[in-house]
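K.L.:
What follows is a structure written as structure tokens; I'll ask about it next.
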Amino acid sequence: MPSPYRAIFAAPGSRGFSAAGLIGRLPLSMVGIGILTMISELTGRYSLAGALTATLALSAAVIGPQVSRLVDQYGQRRVLRPASLLAALAISGLLLCAANHTPDWTLFLFTALAGSVPSVGAMIRARWTAIYRDSPRELHTAYSLESVLDEVCFIFGPILAIGLSTTWFPEAGPLVAGVCLLVGVWWLTAQRTTEPAPHPRGADADRTSALRSPGLQVLVATFVATGAIFGSIDVVTLAFAEEQGHKAWASFILAVWAVGSCLAGIVFGLLHLKGKAERRWVLGICAMAVSMIPLLLAGNLPFLAVALFVSGLAIAPTMITTMALIEAHVPRAKLTEGMTWTGTGLAVGVALGSSVAGWVIDAAGARTGYVVSISAGTAAAAVAFAGYRRLTRPAQGEEPSNDGDDGDSRQQRDTDRRVA
């Protein structure tokens, strides 16, 4: 591991909470696609499977940020354990109902409750922030590492869920996701020394949501479209490989995509970049959008693997820059909630992208499904351009937790505030 990455793990307890976070964040990318696969395997009703996936996405969008608001206020241990236990029980109830063919409303009920799965990735970043708040270089490297791990989970998680449910038994994908959630959260919350201090809110405290921040609104909206890219590519690549007569190759091709993102994230974490993070972020979103075009032109699996590798190079650096922008636009007392909103947007997009892509595949064939990826990329770029001015405006209200950028950028931002 390069020396900057070794350096951040010099902090006591950092290896433990990072390892726990890797396990605990897998369910965020596994549950939705696991439910989709399980229901389609058990009933053959893709319409029901898609509706349940959408229900999970909407539930997570409503419940997830509220869980993180409570974490900011009361601490990780007091909130994460009951929230993850509720989610695990809901997943168990869903599996039992699906296996016993109970009425559809029971499936929707337990799926909605499963939306309480906490954003473990946001909890890990909050711990890194508490350790390196006054060390921007180390914090940049820590965010780079976390973005690489996020990409690994969001790309390999669906593959694992699909593989378990199709090769073992239909309920296996969601079941393993629930086990990972409990193991990861209990291990993480047992590590009290690195847990960020809570921010209790008095009677006169600001009780508004972090989503009131105009800059965060832009980031979340863009992440919904970005998640649709991820979700659609997972499903379409699987279908395209099956059409080509090599379904097993889908996992390898998606792994190549992950490798591209991981390599780019590792290199990006070694750099000490200057200039405005907002500009880098928009360029990264545009690069992701443009990289979708070659996918529609892929006529064979080797070409598709190369195209996905190139596409992956834009992912992790864009995610890393996003975390820096969240710190610039969200008050410290709402940092975990702010990070969760972007993760929620990504999860919602994954669910919607996979569902829409499945419908397009059924109607027009596998390769045409990449139109969904291109459309999602175009939408992400459009939102990024439209919201650029919001991101460059100084954050209003409380001081943000950190600018999340290099010294030159912070000096420029201070100048911008004085001019404003």
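For the structure tokens, the naming scheme is as follows: chains receive sequential letters (A, B, ...) according to their order of presentation, residues are indexed from 1 within each chain, and ligands are indexed from 1 in presentation order.
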Check which residues of region 113-162 of chain A sit at most 8 Å from region 30-46 of chain A using only C-alpha atoms, and return one row each with the closest pair of atoms and their distance in Å to one decimal, ordered by chain and rising number, as a tab-separated table.
P.N.:
```
residue	atom	partner	partner_atom	distance
A:Gly157	CA	A:Met30	CA	5.1
A:Pro158	CA	A:Met30	CA	5.2
A:Leu160	CA	A:Met30	CA	7.5
A:Ala161	CA	A:Gly34	CA	5.1
A:Ile162	CA	A:Gly34	CA	6.2
```
K.L.:
Find the nearest atom pair between each residue of region 326-392 of chain A and region 301-313 of chain A for residues within 12 Å, count only C-alpha atoms, give distances in Å to one decimal, sort rows by chain and ascending number, and present the table as CSV.
P.N.:
```
residue,atom,partner,partner_atom,distance
A:Arg367,CA,A:Leu304,CA,10.4
A:Tyr370,CA,A:Leu304,CA,11.1
A:Ser373,CA,A:Ser311,CA,11.4
A:Ile374,CA,A:Ser311,CA,11.7
A:Gly377,CA,A:Ser311,CA,11.2
```
K.L.:
Next, the residues of the selection above should be written as a PDB file, in the first residue's frame with N, CA and C atoms.
P.N.:
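Generated file (part.pdb):
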```pdb
ATOM      1  N   ARG A 367     -28.455  -5.150 -25.521  1.00  0.00           N
ATOM      2  CA  ARG A 367     -27.569  -4.030 -25.824  1.00  0.00           C
ATOM      3  C   ARG A 367     -28.309  -2.705 -25.793  1.00  0.00           C
ATOM      4  N   TYR A 370     -28.284  -0.372 -22.669  1.00  0.00           N
ATOM      5  CA  TYR A 370     -27.280   0.645 -22.365  1.00  0.00           C
ATOM      6  C   TYR A 370     -27.780   2.058 -22.674  1.00  0.00           C
ATOM      7  N   SER A 373     -28.243   3.611 -19.426  1.00  0.00           N
ATOM      8  CA  SER A 373     -26.992   4.120 -18.855  1.00  0.00           C
ATOM      9  C   SER A 373     -26.615   5.462 -19.453  1.00  0.00           C
ATOM     10  N   ILE A 374     -26.752   5.564 -20.776  1.00  0.00           N
ATOM     11  CA  ILE A 374     -26.431   6.825 -21.444  1.00  0.00           C
ATOM     12  C   ILE A 374     -27.373   7.930 -21.001  1.00  0.00           C
ATOM     13  N   GLY A 377     -26.442   9.043 -17.538  1.00  0.00           N
ATOM     14  CA  GLY A 377     -25.236   9.864 -17.581  1.00  0.00           C
ATOM     15  C   GLY A 377     -25.524  11.273 -18.077  1.00  0.00           C
TER      16      GLY A 377
END
```
K.L.:
Could you pull the residues within 12 Å of Leu95 (chain A), counting only C-alpha atoms, minus those fewer than 3 positions along the same chain, as a ChimeraX atom specification?
P.N.:
/A:31,34-35,38-39,42,88-92,98-102,106-108,110-111,114,165,169-178
K.L.:
Find the spatial neighbours of Met288 (chain A), counting only C-alpha atoms, within a cut-off of 10 Å - ignore same-chain residues fewer than 2 positions away - and output them as a count of residues only.
P.N.:
24
K.L.:
Which value, in Å to one decimal, gives the distance between CA of Val120 (chain A) and CA of Arg192 (chain A)?
P.N.:
15.3 Å
K.L.:
Which parts of region 83-318 of chain A does DSSP call helix (DSSP H, G or I) when run on the backbone here, written out as a count of residues only?
P.N.:
183
K.L.:
Counting only C-alpha atoms, figure out which residue out of A:Thr340, A:Thr368, A:Thr322, A:Ser354 gets nearest to Leu297 (chain A).
P.N.:
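Smallest separation from Leu297 (chain A) among the options: A:Thr368.
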K.L.:
Out of A:Ser119, A:Thr222, A:Ser355, A:Ser375, which residue has the shortest atom-to-atom distance to Ala51 (chain A) when counting only C-alpha atoms?
P.N.:
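Comparing A:Ser119, A:Thr222, A:Ser355, A:Ser375 against Ala51 (chain A), the winner is A:Ser355.
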K.L.:
Report, in Å to a single decimal, how far apart CA of Glu195 (chain A) and CA of Tyr5 (chain A) are.
P.N.:
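It comes out at 20.7 Å.
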K.L.:
What does the distance from CA of Trp128 (chain A) to CA of Ala142 (chain A) come to in Å, to one decimal?
P.N.:
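For CA of Trp128 (chain A) relative to CA of Ala142 (chain A), the distance reads 6.7 Å.
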K.L.:
Need the shell around Gly265 (chain A): protein/DNA/RNA residues with any atom at most 8 Å away, counting only C-alpha atoms. Skip same-chain ones fewer than 3 positions apart. Format as a short mmCIF file (atom, residue, chain, number, x, y, z; two decimals) with all heavy atoms, in the first residue's frame?
P.N.:
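Contents of out.cif, freshly written:
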```
data_model
loop_
_atom_site.label_atom_id
_atom_site.label_comp_id
_atom_site.auth_asym_id
_atom_site.auth_seq_id
_atom_site.Cartn_x
_atom_site.Cartn_y
_atom_site.Cartn_z
N SER A 144 -10.39 9.10 -0.20
CA SER A 144 -10.05 8.33 -1.41
C SER A 144 -10.19 6.84 -1.15
O SER A 144 -10.78 6.09 -1.95
CB SER A 144 -8.63 8.66 -1.87
OG SER A 144 -8.50 10.02 -2.19
N LEU A 145 -9.65 6.40 -0.01
CA LEU A 145 -9.76 4.99 0.35
C LEU A 145 -11.22 4.58 0.49
O LEU A 145 -11.63 3.54 -0.03
CB LEU A 145 -9.02 4.74 1.67
CG LEU A 145 -9.19 3.33 2.26
CD1 LEU A 145 -8.52 2.30 1.36
CD2 LEU A 145 -8.61 3.28 3.67
N SER A 147 -13.88 5.91 -0.86
CA SER A 147 -14.55 5.90 -2.16
C SER A 147 -14.20 4.65 -2.95
O SER A 147 -15.05 4.08 -3.64
CB SER A 147 -14.18 7.16 -2.95
OG SER A 147 -14.75 8.31 -2.36
N VAL A 148 -12.96 4.22 -2.86
CA VAL A 148 -12.56 2.97 -3.51
C VAL A 148 -13.36 1.81 -2.93
O VAL A 148 -13.89 0.96 -3.66
CB VAL A 148 -11.05 2.74 -3.36
CG1 VAL A 148 -10.69 1.32 -3.78
CG2 VAL A 148 -10.26 3.74 -4.18
N SER A 261 -12.15 1.73 -11.68
CA SER A 261 -12.51 2.72 -10.67
C SER A 261 -11.55 2.68 -9.49
O SER A 261 -11.11 3.73 -8.99
CB SER A 261 -13.95 2.47 -10.19
OG SER A 261 -14.31 3.38 -9.19
N CYS A 262 -11.21 1.49 -9.04
CA CYS A 262 -10.33 1.37 -7.88
C CYS A 262 -8.93 1.93 -8.17
O CYS A 262 -8.36 2.65 -7.34
CB CYS A 262 -10.22 -0.08 -7.45
SG CYS A 262 -11.74 -0.75 -6.74
N PHE A 268 -5.72 8.86 -7.40
CA PHE A 268 -6.26 10.16 -7.04
C PHE A 268 -5.94 10.50 -5.59
O PHE A 268 -5.69 11.65 -5.24
CB PHE A 268 -7.78 10.17 -7.26
CG PHE A 268 -8.40 11.54 -7.21
CD1 PHE A 268 -8.26 12.42 -8.26
CD2 PHE A 268 -9.15 11.92 -6.10
CE1 PHE A 268 -8.84 13.68 -8.22
CE2 PHE A 268 -9.74 13.18 -6.05
CZ PHE A 268 -9.58 14.06 -7.10
N GLY A 269 -5.95 9.49 -4.72
CA GLY A 269 -5.63 9.72 -3.32
C GLY A 269 -4.19 10.09 -3.08
O GLY A 269 -3.85 10.67 -2.04
N LEU A 313 -12.65 4.63 -14.79
CA LEU A 313 -11.61 5.56 -14.38
C LEU A 313 -12.16 6.88 -13.85
O LEU A 313 -11.49 7.58 -13.09
CB LEU A 313 -10.66 5.84 -15.55
CG LEU A 313 -9.87 4.64 -16.08
CD1 LEU A 313 -9.05 5.04 -17.30
CD2 LEU A 313 -8.96 4.07 -14.99
N ILE A 315 -15.02 7.17 -12.05
CA ILE A 315 -15.97 7.02 -10.95
C ILE A 315 -15.40 7.44 -9.61
O ILE A 315 -15.89 8.38 -8.96
CB ILE A 315 -16.47 5.56 -10.89
CG1 ILE A 315 -17.25 5.21 -12.15
CG2 ILE A 315 -17.37 5.37 -9.66
CD1 ILE A 315 -17.67 3.75 -12.23
N ALA A 316 -14.36 6.76 -9.14
CA ALA A 316 -13.86 7.01 -7.78
C ALA A 316 -13.39 8.46 -7.59
O ALA A 316 -13.70 9.06 -6.56
CB ALA A 316 -12.76 6.02 -7.45
N PRO A 317 -12.63 9.06 -8.53
CA PRO A 317 -12.24 10.46 -8.31
C PRO A 317 -13.43 11.39 -8.15
O PRO A 317 -13.37 12.34 -7.35
CB PRO A 317 -11.44 10.79 -9.58
CG PRO A 317 -10.89 9.48 -10.03
CD PRO A 317 -11.97 8.49 -9.73
N ILE A 320 -14.81 10.90 -4.59
CA ILE A 320 -13.92 11.51 -3.60
C ILE A 320 -14.15 13.01 -3.53
O ILE A 320 -14.26 13.60 -2.45
CB ILE A 320 -12.46 11.20 -3.95
CG1 ILE A 320 -12.20 9.69 -3.86
CG2 ILE A 320 -11.51 11.95 -3.01
CD1 ILE A 320 -10.92 9.24 -4.52
#
```
K.L.:
Mind checking which residues fall within 10 Å of Ala19 (chain A), counting only C-alpha atoms, ignoring those fewer than 3 positions away in the same chain, and posting them as a compact mmCIF listing (two decimals) with N, CA, C and O atoms, in the first residue's frame?
P.N.:
```txt
# COMPACT_ATOMS: atom_id res chain seq x y z
N SER A 14 -8.04 2.82 13.57
CA SER A 14 -8.50 3.08 12.20
C SER A 14 -8.64 1.79 11.39
O SER A 14 -9.56 1.66 10.58
N ARG A 15 -7.75 0.84 11.60
CA ARG A 15 -7.85 -0.43 10.86
C ARG A 15 -9.13 -1.18 11.24
O ARG A 15 -9.80 -1.76 10.39
N GLY A 16 -9.46 -1.15 12.51
CA GLY A 16 -10.64 -1.89 12.97
C GLY A 16 -11.92 -1.32 12.42
O GLY A 16 -12.76 -2.06 11.89
N LEU A 22 -16.27 -2.02 5.90
CA LEU A 22 -16.30 -2.73 4.63
C LEU A 22 -17.38 -3.81 4.64
O LEU A 22 -18.11 -3.99 3.66
N ILE A 23 -17.51 -4.52 5.74
CA ILE A 23 -18.54 -5.55 5.85
C ILE A 23 -19.92 -4.92 5.99
O ILE A 23 -20.89 -5.34 5.35
N GLY A 24 -20.03 -3.90 6.83
CA GLY A 24 -21.33 -3.32 7.13
C GLY A 24 -21.97 -2.55 6.00
O GLY A 24 -23.19 -2.38 5.98
N ILE A 124 -18.34 5.67 8.69
CA ILE A 124 -16.89 5.51 8.63
C ILE A 124 -16.24 6.84 8.25
O ILE A 124 -15.22 7.24 8.83
N GLY A 184 -21.21 -6.28 10.66
CA GLY A 184 -20.47 -5.03 10.46
C GLY A 184 -20.84 -3.96 11.47
O GLY A 184 -19.96 -3.30 12.04
N TRP A 187 -19.70 -4.89 15.11
CA TRP A 187 -18.24 -4.75 15.22
C TRP A 187 -17.85 -3.27 15.25
O TRP A 187 -17.03 -2.84 16.06
N LEU A 188 -18.47 -2.47 14.39
CA LEU A 188 -18.16 -1.05 14.33
C LEU A 188 -18.51 -0.34 15.63
O LEU A 188 -17.71 0.41 16.19
```
K.L.:
Compile the contact shell of region 72-84 of chain A as a short mmCIF file (atom, residue, chain, number, x, y, z; two decimals) with N, CA, C and O atoms, in the first residue's frame: residues with an atom at most 10 Å away, counting only C-alpha atoms, same-chain residues fewer than 5 positions apart removed.
P.N.:
```
data_model
loop_
_atom_site.label_atom_id
_atom_site.label_comp_id
_atom_site.auth_asym_id
_atom_site.auth_seq_id
_atom_site.Cartn_x
_atom_site.Cartn_y
_atom_site.Cartn_z
N GLY A 24 -20.03 -3.90 6.83
CA GLY A 24 -21.33 -3.32 7.13
C GLY A 24 -21.97 -2.55 6.00
O GLY A 24 -23.19 -2.38 5.98
N ILE A 63 -36.20 7.03 5.41
CA ILE A 63 -35.73 6.61 6.72
C ILE A 63 -34.24 6.83 6.92
O ILE A 63 -33.79 7.27 7.99
N GLY A 64 -33.43 6.53 5.90
CA GLY A 64 -31.98 6.57 6.03
C GLY A 64 -31.43 7.89 6.57
O GLY A 64 -30.69 7.90 7.57
N GLN A 66 -32.94 10.13 8.27
CA GLN A 66 -33.44 10.36 9.63
C GLN A 66 -32.61 9.57 10.65
O GLN A 66 -32.34 10.05 11.75
N VAL A 67 -32.22 8.36 10.26
CA VAL A 67 -31.33 7.57 11.13
C VAL A 67 -30.03 8.31 11.34
O VAL A 67 -29.51 8.41 12.47
N LEU A 89 -34.46 -7.75 11.01
CA LEU A 89 -35.73 -8.42 11.27
C LEU A 89 -36.69 -8.25 10.09
O LEU A 89 -37.42 -9.18 9.72
N ALA A 90 -36.69 -7.06 9.50
CA ALA A 90 -37.56 -6.82 8.34
C ALA A 90 -37.15 -7.69 7.16
O ALA A 90 -38.00 -8.27 6.46
N ALA A 114 -37.38 -2.55 5.79
CA ALA A 114 -35.96 -2.82 5.49
C ALA A 114 -35.22 -1.56 5.06
O ALA A 114 -33.99 -1.54 5.02
N GLY A 115 -35.97 -0.50 4.75
CA GLY A 115 -35.32 0.76 4.38
C GLY A 115 -34.58 1.42 5.52
O GLY A 115 -33.90 2.44 5.32
N SER A 116 -34.66 0.85 6.72
CA SER A 116 -33.93 1.40 7.87
C SER A 116 -32.46 0.98 7.89
O SER A 116 -31.75 1.29 8.86
N VAL A 117 -31.99 0.29 6.87
CA VAL A 117 -30.57 -0.07 6.78
C VAL A 117 -29.74 1.21 6.85
O VAL A 117 -29.89 2.11 6.03
N PRO A 118 -28.85 1.35 7.86
CA PRO A 118 -28.09 2.60 7.99
C PRO A 118 -26.99 2.71 6.96
O PRO A 118 -26.51 1.70 6.41
N SER A 119 -26.57 3.94 6.69
CA SER A 119 -25.48 4.20 5.75
C SER A 119 -24.15 4.06 6.49
O SER A 119 -23.63 5.03 7.05
N VAL A 120 -23.61 2.86 6.49
CA VAL A 120 -22.38 2.60 7.24
C VAL A 120 -21.21 3.37 6.65
O VAL A 120 -20.32 3.83 7.38
N MET A 123 -20.92 6.62 8.26
CA MET A 123 -20.42 6.52 9.63
C MET A 123 -18.89 6.40 9.65
O MET A 123 -18.23 6.98 10.52
N ALA A 126 -17.37 9.76 8.86
CA ALA A 126 -17.47 10.64 10.02
C ALA A 126 -16.33 10.35 11.00
O ALA A 126 -15.80 11.28 11.64
N GLY A 178 -28.26 -9.34 5.15
CA GLY A 178 -28.67 -9.08 6.53
C GLY A 178 -27.62 -9.51 7.54
O GLY A 178 -27.37 -8.81 8.53
N LEU A 181 -24.83 -7.00 7.55
CA LEU A 181 -25.24 -5.78 8.23
C LEU A 181 -25.04 -5.91 9.74
O LEU A 181 -24.44 -5.04 10.38
N LEU A 182 -25.54 -7.00 10.32
CA LEU A 182 -25.43 -7.17 11.77
C LEU A 182 -23.98 -7.31 12.21
O LEU A 182 -23.55 -6.68 13.20
N VAL A 183 -23.21 -8.10 11.49
CA VAL A 183 -21.80 -8.30 11.86
C VAL A 183 -21.04 -6.98 11.77
O VAL A 183 -20.30 -6.60 12.69
N GLY A 184 -21.21 -6.28 10.66
CA GLY A 184 -20.47 -5.03 10.46
C GLY A 184 -20.84 -3.96 11.47
O GLY A 184 -19.96 -3.30 12.04
N VAL A 185 -22.13 -3.77 11.72
CA VAL A 185 -22.57 -2.72 12.63
C VAL A 185 -22.18 -3.03 14.07
O VAL A 185 -21.72 -2.15 14.81
N TRP A 186 -22.35 -4.29 14.50
CA TRP A 186 -21.98 -4.63 15.88
C TRP A 186 -20.48 -4.49 16.10
O TRP A 186 -20.04 -4.01 17.14
N LEU A 188 -18.47 -2.47 14.39
CA LEU A 188 -18.16 -1.05 14.33
C LEU A 188 -18.51 -0.34 15.63
O LEU A 188 -17.71 0.41 16.19
N THR A 189 -19.71 -0.56 16.12
CA THR A 189 -20.17 0.17 17.30
C THR A 189 -19.52 -0.31 18.59
O THR A 189 -19.62 0.35 19.63
N ALA A 190 -18.86 -1.47 18.53
CA ALA A 190 -18.09 -1.93 19.69
C ALA A 190 -16.81 -1.11 19.86
O ALA A 190 -16.20 -1.13 20.93
N GLN A 191 -16.40 -0.39 18.82
CA GLN A 191 -15.18 0.40 18.85
C GLN A 191 -15.52 1.84 19.28
O GLN A 191 -15.73 2.71 18.45
N ARG A 192 -15.54 2.06 20.57
CA ARG A 192 -16.01 3.33 21.12
C ARG A 192 -14.97 4.45 21.04
O ARG A 192 -15.34 5.63 21.01
N GLU A 195 -15.37 6.63 17.94
CA GLU A 195 -16.71 7.12 17.63
C GLU A 195 -16.77 8.63 17.77
O GLU A 195 -16.36 9.18 18.80
N PRO A 196 -17.26 9.34 16.76
CA PRO A 196 -17.35 10.80 16.86
C PRO A 196 -18.27 11.23 17.99
O PRO A 196 -19.26 10.55 18.29
N ALA A 197 -17.95 12.34 18.60
CA ALA A 197 -18.80 12.85 19.68
C ALA A 197 -20.14 13.30 19.11
O ALA A 197 -20.19 13.93 18.05
N PRO A 198 -21.24 12.98 19.79
CA PRO A 198 -22.55 13.43 19.31
C PRO A 198 -22.71 14.93 19.50
O PRO A 198 -21.96 15.57 20.24
N HIS A 199 -23.72 15.49 18.83
CA HIS A 199 -24.02 16.92 18.93
C HIS A 199 -25.46 17.09 19.42
O HIS A 199 -26.37 17.27 18.61
N PRO A 200 -25.68 16.98 20.74
CA PRO A 200 -27.04 17.15 21.26
C PRO A 200 -27.60 18.51 20.88
O PRO A 200 -26.88 19.51 20.86
N ARG A 201 -28.88 18.55 20.58
CA ARG A 201 -29.52 19.78 20.13
C ARG A 201 -30.41 20.34 21.23
O ARG A 201 -31.30 19.68 21.71
N ARG A 332 -21.00 20.96 10.59
CA ARG A 332 -20.36 19.82 11.25
C ARG A 332 -21.36 18.97 12.01
O ARG A 332 -21.27 17.75 12.04
N ALA A 333 -22.34 19.60 12.64
CA ALA A 333 -23.32 18.86 13.44
C ALA A 333 -24.27 18.03 12.58
O ALA A 333 -25.03 17.23 13.12
N LYS A 334 -24.23 18.21 11.25
CA LYS A 334 -25.11 17.46 10.35
C LYS A 334 -24.32 16.68 9.30
O LYS A 334 -24.87 16.27 8.29
N LEU A 335 -23.03 16.48 9.56
CA LEU A 335 -22.16 15.88 8.55
C LEU A 335 -22.58 14.46 8.19
O LEU A 335 -22.65 14.11 7.01
N THR A 336 -22.88 13.63 9.19
CA THR A 336 -23.27 12.24 8.90
C THR A 336 -24.55 12.21 8.08
O THR A 336 -24.68 11.43 7.12
N GLU A 337 -25.51 13.07 8.43
CA GLU A 337 -26.75 13.13 7.67
C GLU A 337 -26.48 13.55 6.23
O GLU A 337 -27.04 12.98 5.28
#
```
K.L.:
For Thr55 (chain A), which residue out of A:Met323, A:Leu352, A:Val179, A:Ala225 is the nearest one, using only C-alpha atoms?
P.N.:
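That would be A:Leu352, the residue with the smallest distance to Thr55 (chain A).
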